[in-house]
Amino acid sequence: MKSGNHVRVASRAIKAFGLSLALAILPQVALAAAPAPAPVPPVAQASTAPDKGAQSALNAGNPVNTQGPTTDAAASSAYTPMTPTPGVGMPVDGGIGLQKQFSPSGEYAHWIHDVVLVPLITGITLLVLILLIVTVVRFNRRRNPVASRTSHNTLLEVAWTLVPVLILVAIAVPSIDLIAKQYKPAPAKALTVKVTGNQWFWSYAYPDNGEFEVNSYMLNVPGQPVLNAGIREVGSKPWDGPSHLEVDNRMVVPAGEPIRLQITAADVIHSFAVPSLWFKLDAVPGRINEKVLFIEKPGVYYGQCSELCGVKHGYMPIAVEALPRAQFNAWVLSHAGGVIDGQKKLADTTAQAPAADASDAAVPADNASEAVPSVETTSSPAA
Ligand SMILES: [Cu+2]
């Protein structure tokens, strides 16, 4: 039974060694790579109003910036919500893998999952299974009545120490690289969107675009109890996505450029999570968490609050609509006080310093696609 013991000791040693090394190394590296938490914001969101009337209460508390280009009638009427593509940016029936990814870090993470983690897990699991079966069949008491008295085997001991180390290094290198990439701060000129979690809806503020704010409630489901009074039912507009995921006002952002998402909460801890954009960050009251959101393609991407936050935790979905810059600008102008960040900043920059590099000052409406390769966070998987 000695070989059986060897196998058990080997698998135990691999597990214990791997776990302790991972616990010792990864959190420290992650902490070193992650930026320090942002200071507590001076402006507190007093949005604990109940569902009905919360929208007006929130909007009333927000000063509306009326400077800059105000309304463009043609642009305002140009916006209609995008119709989502079935199965894209949303869960699918019977799906067991990760959702298709639409951000550089998401594609990198998907690659790590498919090329590094799953093959390693499969290989280790099969190896352990084979060793167990061999042990049971060959070294049982009937077939192997006289057990070996071997207690040491240098080669075996070196191997079962070294192989787990190499496996952990193979996992750690791309993992730490991914952590570093996805927490890299946004470029200084990136568009800022402030996300606030509320019981039980999300609100999205656009400080670079005139400081207007939209509240986002889940659409009611026909035939089921009304969750959000005064909100329409899902399916009543042609662009509605899946029930329990579609909202009345989506978070609209430009595609193909980095967006600085600043996330906080007004009451309890929520979590802003969109699986197909590889984005999940806690929304903590009194604190701003920041992370770059980069969406490669226009589309509608759905997520849900991912921190238990009360009785309607399951009914505060997230719908992110990524539009080409020109259409995003039209959406901004469809709001009272909406200001086009890019156009305004570009004008300011060129007026004050004509020699300044205007190319990175903003993403002009007509060449949003050209801006994509210049973004620092677009490093793709080392496939
Ligand atoms: Cu929540």
# chains A, B, ... in the order shown; residues from 1 in each chain; ligands from 1
>>> closest_atom_pairs(of="chain A", to="ligand 1", cutoff="12 Å", atoms="only C-alpha atoms and all ligand atoms", output="CSV")
residue,atom,partner,partner_atom_place_in_ligand_line,distance
A:Thr196,CA,ligand 1,1 (Cu),10.0
A:Gly197,CA,ligand 1,1 (Cu),6.3
A:Asn198,CA,ligand 1,1 (Cu),6.7
A:Gln199,CA,ligand 1,1 (Cu),6.3
A:Trp200,CA,ligand 1,1 (Cu),6.1
A:Phe201,CA,ligand 1,1 (Cu),7.4
A:Trp202,CA,ligand 1,1 (Cu),8.3
A:Ser203,CA,ligand 1,1 (Cu),11.7
A:Tyr217,CA,ligand 1,1 (Cu),11.9
A:Thr264,CA,ligand 1,1 (Cu),11.1
A:Ala265,CA,ligand 1,1 (Cu),8.8
A:Ala266,CA,ligand 1,1 (Cu),10.4
A:Asp267,CA,ligand 1,1 (Cu),9.5
A:Val268,CA,ligand 1,1 (Cu),7.7
A:Ile269,CA,ligand 1,1 (Cu),6.8
A:His270,CA,ligand 1,1 (Cu),3.9
A:Ser271,CA,ligand 1,1 (Cu),6.2
A:Phe272,CA,ligand 1,1 (Cu),8.1
A:Ala273,CA,ligand 1,1 (Cu),10.2
A:Leu281,CA,ligand 1,1 (Cu),11.7
A:Asp282,CA,ligand 1,1 (Cu),9.5
A:Ala283,CA,ligand 1,1 (Cu),8.4
A:Val284,CA,ligand 1,1 (Cu),10.3
A:Pro285,CA,ligand 1,1 (Cu),11.6
A:Gly303,CA,ligand 1,1 (Cu),11.5
A:Gln304,CA,ligand 1,1 (Cu),8.1
A:Cys305,CA,ligand 1,1 (Cu),4.7
A:Ser306,CA,ligand 1,1 (Cu),6.7
A:Glu307,CA,ligand 1,1 (Cu),5.7
A:Leu308,CA,ligand 1,1 (Cu),6.1
A:Cys309,CA,ligand 1,1 (Cu),4.5
A:Gly310,CA,ligand 1,1 (Cu),7.2
A:Val311,CA,ligand 1,1 (Cu),9.4
A:Lys312,CA,ligand 1,1 (Cu),7.8
A:His313,CA,ligand 1,1 (Cu),4.9
A:Gly314,CA,ligand 1,1 (Cu),7.7
A:Tyr315,CA,ligand 1,1 (Cu),8.4
A:Met316,CA,ligand 1,1 (Cu),6.4
A:Pro317,CA,ligand 1,1 (Cu),8.7
A:Ile318,CA,ligand 1,1 (Cu),10.3
>>> residues_around(residues="Tyr301 (chain A)", least_positions_apart="6", cutoff="6 Å", atoms="only C-alpha atoms", output="number ranges by chain")
A: 89, 319-320
>>> atom_distance(atom1="CA of Val193 (chain A)", atom2="CA of Ser175 (chain A)")
27.4 Å
>>> closest_atom_pairs(of="region 138-201 of chain A", to="region 121-132 of chain A", cutoff="12 Å", atoms="only C-alpha atoms", output="Markdown table")
| residue | atom | partner | partner_atom | distance |
| --- | --- | --- | --- | --- |
| A:Arg138 | CA | A:Leu132 | CA | 10.1 |
| A:Phe139 | CA | A:Leu132 | CA | 10.2 |
| A:Asn140 | CA | A:Leu132 | CA | 11.3 |
| A:Val163 | CA | A:Ile124 | CA | 10.9 |
| A:Pro164 | CA | A:Ile124 | CA | 10.0 |
| A:Ile167 | CA | A:Ile124 | CA | 9.9 |
| A:Leu168 | CA | A:Ile121 | CA | 11.6 |
| A:Ile171 | CA | A:Ile121 | CA | 10.8 |
>>> atom_distance(atom1="CA of Lys297 (chain A)", atom2="CA of Ser103 (chain A)")
8.5 Å
>>> residues_around(residues="Pro81 (chain A)", least_positions_apart="6", cutoff="12 Å", atoms="only C-alpha atoms", output="list in words")
Lys237, Pro238, Trp239, Asp240, Gly241, Glu246, Val247, Asp248, Asn249, Arg250, Met251, Val252, Pro298, Gly299, Val300, Ala319, Val320, Glu321, Ala322, Leu323, Gln327, Phe328, Ala330, Trp331 and Ser334 of chain A
>>> write_last_selection(atoms="C-alpha atoms", output="PDB file, in the first residue's frame")
ATOM      1  CA  LYS A 237     -41.136  48.953 -27.151  1.00  0.00           C
ATOM      2  CA  PRO A 238     -39.506  47.338 -30.210  1.00  0.00           C
ATOM      3  CA  TRP A 239     -35.994  47.714 -28.780  1.00  0.00           C
ATOM      4  CA  ASP A 240     -36.653  45.921 -25.503  1.00  0.00           C
ATOM      5  CA  GLY A 241     -34.266  43.126 -24.547  1.00  0.00           C
ATOM      6  CA  GLU A 246     -34.144  45.433 -19.707  1.00  0.00           C
ATOM      7  CA  VAL A 247     -34.513  48.850 -18.107  1.00  0.00           C
ATOM      8  CA  ASP A 248     -36.350  52.065 -18.837  1.00  0.00           C
ATOM      9  CA  ASN A 249     -33.187  54.181 -19.218  1.00  0.00           C
ATOM     10  CA  ARG A 250     -29.965  52.453 -20.190  1.00  0.00           C
ATOM     11  CA  MET A 251     -26.463  53.608 -19.355  1.00  0.00           C
ATOM     12  CA  VAL A 252     -25.460  55.005 -22.745  1.00  0.00           C
ATOM     13  CA  PRO A 298     -21.544  49.162 -30.381  1.00  0.00           C
ATOM     14  CA  GLY A 299     -24.214  47.026 -28.778  1.00  0.00           C
ATOM     15  CA  VAL A 300     -26.370  46.468 -25.721  1.00  0.00           C
ATOM     16  CA  ALA A 319     -28.183  47.703 -19.360  1.00  0.00           C
ATOM     17  CA  VAL A 320     -25.215  49.330 -21.063  1.00  0.00           C
ATOM     18  CA  GLU A 321     -25.777  50.700 -24.546  1.00  0.00           C
ATOM     19  CA  ALA A 322     -22.548  51.417 -26.428  1.00  0.00           C
ATOM     20  CA  LEU A 323     -22.989  53.695 -29.414  1.00  0.00           C
ATOM     21  CA  GLN A 327     -24.875  58.728 -31.832  1.00  0.00           C
ATOM     22  CA  PHE A 328     -23.695  59.025 -28.234  1.00  0.00           C
ATOM     23  CA  ALA A 330     -26.977  62.795 -30.130  1.00  0.00           C
ATOM     24  CA  TRP A 331     -28.134  60.939 -27.028  1.00  0.00           C
ATOM     25  CA  SER A 334     -31.436  64.745 -26.174  1.00  0.00           C
TER      26      SER A 334
END
>>> select_by_dssp(residues="region 106-349 of chain A", states="strand (DSSP E)", output="number ranges by chain")
A: 191-198, 201-206, 212-216, 251-254, 258-265, 270-274, 279-283, 289-294, 299-305, 317-323
>>> write_last_selection(atoms="C-alpha atoms", output="PDB file, in the first residue's frame")
ATOM      1  CA  LEU A 191     -15.067  60.376 -20.503  1.00  0.00           C
ATOM      2  CA  THR A 192     -16.253  60.024 -16.904  1.00  0.00           C
ATOM      3  CA  VAL A 193     -19.535  58.363 -16.006  1.00  0.00           C
ATOM      4  CA  LYS A 194     -20.604  58.186 -12.376  1.00  0.00           C
ATOM      5  CA  VAL A 195     -22.610  55.127 -11.422  1.00  0.00           C
ATOM      6  CA  THR A 196     -24.628  55.094  -8.204  1.00  0.00           C
ATOM      7  CA  GLY A 197     -26.303  52.016  -6.793  1.00  0.00           C
ATOM      8  CA  ASN A 198     -29.607  52.628  -5.006  1.00  0.00           C
ATOM      9  CA  PHE A 201     -32.137  50.927  -9.222  1.00  0.00           C
ATOM     10  CA  TRP A 202     -29.018  52.415 -10.783  1.00  0.00           C
ATOM     11  CA  SER A 203     -28.402  56.043 -11.618  1.00  0.00           C
ATOM     12  CA  TYR A 204     -25.880  57.252 -14.147  1.00  0.00           C
ATOM     13  CA  ALA A 205     -24.465  60.777 -14.043  1.00  0.00           C
ATOM     14  CA  TYR A 206     -22.464  62.412 -16.827  1.00  0.00           C
ATOM     15  CA  PHE A 212     -27.337  65.419 -16.141  1.00  0.00           C
ATOM     16  CA  GLU A 213     -28.322  62.137 -14.524  1.00  0.00           C
ATOM     17  CA  VAL A 214     -30.582  59.286 -15.585  1.00  0.00           C
ATOM     18  CA  ASN A 215     -32.232  56.717 -13.348  1.00  0.00           C
ATOM     19  CA  SER A 216     -32.477  53.176 -14.561  1.00  0.00           C
ATOM     20  CA  MET A 251     -26.463  53.608 -19.355  1.00  0.00           C
ATOM     21  CA  VAL A 252     -25.460  55.005 -22.745  1.00  0.00           C
ATOM     22  CA  VAL A 253     -21.731  55.310 -23.461  1.00  0.00           C
ATOM     23  CA  PRO A 254     -19.530  55.705 -26.535  1.00  0.00           C
ATOM     24  CA  PRO A 258     -11.908  54.283 -22.642  1.00  0.00           C
ATOM     25  CA  ILE A 259     -14.546  55.387 -20.152  1.00  0.00           C
ATOM     26  CA  ARG A 260     -13.743  56.180 -16.539  1.00  0.00           C
ATOM     27  CA  LEU A 261     -16.482  54.574 -14.465  1.00  0.00           C
ATOM     28  CA  GLN A 262     -16.705  55.965 -10.945  1.00  0.00           C
ATOM     29  CA  ILE A 263     -18.912  53.727  -8.876  1.00  0.00           C
ATOM     30  CA  THR A 264     -20.528  54.431  -5.534  1.00  0.00           C
ATOM     31  CA  ALA A 265     -23.746  53.676  -3.666  1.00  0.00           C
ATOM     32  CA  HIS A 270     -24.263  47.069  -4.457  1.00  0.00           C
ATOM     33  CA  SER A 271     -22.027  45.714  -7.197  1.00  0.00           C
ATOM     34  CA  PHE A 272     -21.950  46.877 -10.794  1.00  0.00           C
ATOM     35  CA  ALA A 273     -21.359  43.810 -12.937  1.00  0.00           C
ATOM     36  CA  VAL A 274     -21.630  43.227 -16.692  1.00  0.00           C
ATOM     37  CA  PHE A 279     -16.619  44.380 -15.502  1.00  0.00           C
ATOM     38  CA  LYS A 280     -17.476  43.938 -11.850  1.00  0.00           C
ATOM     39  CA  LEU A 281     -16.834  46.513  -9.175  1.00  0.00           C
ATOM     40  CA  ASP A 282     -18.482  47.044  -5.805  1.00  0.00           C
ATOM     41  CA  ALA A 283     -20.572  50.150  -5.229  1.00  0.00           C
ATOM     42  CA  ASN A 289     -14.353  52.859  -6.879  1.00  0.00           C
ATOM     43  CA  GLU A 290     -12.914  53.550 -10.289  1.00  0.00           C
ATOM     44  CA  LYS A 291     -12.166  51.303 -13.228  1.00  0.00           C
ATOM     45  CA  VAL A 292     -11.850  51.711 -16.970  1.00  0.00           C
ATOM     46  CA  LEU A 293     -14.658  50.437 -19.153  1.00  0.00           C
ATOM     47  CA  PHE A 294     -13.706  49.873 -22.782  1.00  0.00           C
ATOM     48  CA  GLY A 299     -24.214  47.026 -28.778  1.00  0.00           C
ATOM     49  CA  VAL A 300     -26.370  46.468 -25.721  1.00  0.00           C
ATOM     50  CA  TYR A 301     -24.764  44.601 -22.836  1.00  0.00           C
ATOM     51  CA  TYR A 302     -26.667  43.385 -19.798  1.00  0.00           C
ATOM     52  CA  GLY A 303     -25.648  42.741 -16.221  1.00  0.00           C
ATOM     53  CA  GLN A 304     -27.089  42.637 -12.734  1.00  0.00           C
ATOM     54  CA  CYS A 305     -26.333  43.921  -9.270  1.00  0.00           C
ATOM     55  CA  PRO A 317     -30.423  44.986 -13.745  1.00  0.00           C
ATOM     56  CA  ILE A 318     -27.818  46.935 -15.663  1.00  0.00           C
ATOM     57  CA  ALA A 319     -28.183  47.703 -19.360  1.00  0.00           C
ATOM     58  CA  VAL A 320     -25.215  49.330 -21.063  1.00  0.00           C
ATOM     59  CA  GLU A 321     -25.777  50.700 -24.546  1.00  0.00           C
ATOM     60  CA  ALA A 322     -22.548  51.417 -26.428  1.00  0.00           C
ATOM     61  CA  LEU A 323     -22.989  53.695 -29.414  1.00  0.00           C
TER      62      LEU A 323
END
>>> atom_distance(atom1="CA of Leu178 (chain A)", atom2="CA of Glu107 (chain A)")
10.3 Å
>>> residues_around(residues="Ile231 (chain A)", least_positions_apart="3", cutoff="10 Å", atoms="only C-alpha atoms", output="list in words")
Asp51, Lys52, Tyr217, Met218, Leu219, Asn220, Val226, Leu227, Asn228, Val234, Val247 and Asp248 of chain A
>>> write_last_selection(atoms="N, CA, C and O atoms", output="PDB file, in the first residue's frame")
ATOM      1  N   ASP A  51     -39.160  54.118  -4.676  1.00  0.00           N
ATOM      2  CA  ASP A  51     -39.179  54.005  -6.133  1.00  0.00           C
ATOM      3  C   ASP A  51     -39.993  55.097  -6.806  1.00  0.00           C
ATOM      4  O   ASP A  51     -39.544  55.773  -7.706  1.00  0.00           O
ATOM      5  N   LYS A  52     -41.234  55.260  -6.304  1.00  0.00           N
ATOM      6  CA  LYS A  52     -42.103  56.226  -6.956  1.00  0.00           C
ATOM      7  C   LYS A  52     -41.640  57.635  -6.592  1.00  0.00           C
ATOM      8  O   LYS A  52     -41.503  57.970  -5.421  1.00  0.00           O
ATOM      9  N   TYR A 217     -34.490  51.910 -14.093  1.00  0.00           N
ATOM     10  CA  TYR A 217     -35.320  50.939 -13.379  1.00  0.00           C
ATOM     11  C   TYR A 217     -35.606  49.729 -14.255  1.00  0.00           C
ATOM     12  O   TYR A 217     -35.803  49.867 -15.463  1.00  0.00           O
ATOM     13  N   MET A 218     -35.672  48.565 -13.635  1.00  0.00           N
ATOM     14  CA  MET A 218     -36.067  47.367 -14.374  1.00  0.00           C
ATOM     15  C   MET A 218     -37.500  47.526 -14.877  1.00  0.00           C
ATOM     16  O   MET A 218     -38.356  48.052 -14.157  1.00  0.00           O
ATOM     17  N   LEU A 219     -37.724  47.083 -16.115  1.00  0.00           N
ATOM     18  CA  LEU A 219     -39.079  47.130 -16.653  1.00  0.00           C
ATOM     19  C   LEU A 219     -39.920  46.055 -15.966  1.00  0.00           C
ATOM     20  O   LEU A 219     -39.437  44.963 -15.665  1.00  0.00           O
ATOM     21  N   ASN A 220     -41.178  46.384 -15.734  1.00  0.00           N
ATOM     22  CA  ASN A 220     -42.073  45.401 -15.126  1.00  0.00           C
ATOM     23  C   ASN A 220     -42.341  44.256 -16.100  1.00  0.00           C
ATOM     24  O   ASN A 220     -42.285  44.427 -17.318  1.00  0.00           O
ATOM     25  N   VAL A 226     -46.273  44.185  -9.998  1.00  0.00           N
ATOM     26  CA  VAL A 226     -45.574  45.401 -10.411  1.00  0.00           C
ATOM     27  C   VAL A 226     -44.457  45.687  -9.405  1.00  0.00           C
ATOM     28  O   VAL A 226     -44.684  45.849  -8.217  1.00  0.00           O
ATOM     29  N   LEU A 227     -43.222  45.707  -9.897  1.00  0.00           N
ATOM     30  CA  LEU A 227     -42.072  45.956  -9.019  1.00  0.00           C
ATOM     31  C   LEU A 227     -41.741  47.437  -8.957  1.00  0.00           C
ATOM     32  O   LEU A 227     -41.347  47.943  -7.914  1.00  0.00           O
ATOM     33  N   ASN A 228     -41.869  48.104 -10.083  1.00  0.00           N
ATOM     34  CA  ASN A 228     -41.542  49.527 -10.133  1.00  0.00           C
ATOM     35  C   ASN A 228     -42.762  50.296 -10.646  1.00  0.00           C
ATOM     36  O   ASN A 228     -43.045  50.294 -11.849  1.00  0.00           O
ATOM     37  N   VAL A 234     -41.956  45.293 -19.975  1.00  0.00           N
ATOM     38  CA  VAL A 234     -40.980  44.854 -20.963  1.00  0.00           C
ATOM     39  C   VAL A 234     -41.713  44.303 -22.197  1.00  0.00           C
ATOM     40  O   VAL A 234     -42.757  43.655 -22.072  1.00  0.00           O
ATOM     41  N   VAL A 247     -34.201  47.724 -19.009  1.00  0.00           N
ATOM     42  CA  VAL A 247     -34.513  48.850 -18.107  1.00  0.00           C
ATOM     43  C   VAL A 247     -35.175  49.980 -18.890  1.00  0.00           C
ATOM     44  O   VAL A 247     -35.197  49.964 -20.127  1.00  0.00           O
ATOM     45  N   ASP A 248     -35.709  50.945 -18.143  1.00  0.00           N
ATOM     46  CA  ASP A 248     -36.350  52.065 -18.837  1.00  0.00           C
ATOM     47  C   ASP A 248     -35.315  53.021 -19.441  1.00  0.00           C
ATOM     48  O   ASP A 248     -35.467  53.477 -20.565  1.00  0.00           O
TER      49      ASP A 248
END
>>> select_by_dssp(residues="region 189-347 of chain A", states="helix (DSSP H, G or I)", output="list of chain:residue names")
A:Pro207, A:Asp208, A:Asn209, A:Pro275, A:Ser276, A:Leu277, A:His313, A:Gly314, A:Tyr315, A:Arg325, A:Ala326, A:Gln327, A:Phe328, A:Asn329, A:Ala330, A:Trp331, A:Val332, A:Leu333, A:Asp341, A:Gly342, A:Gln343, A:Lys344, A:Lys345, A:Leu346, A:Ala347
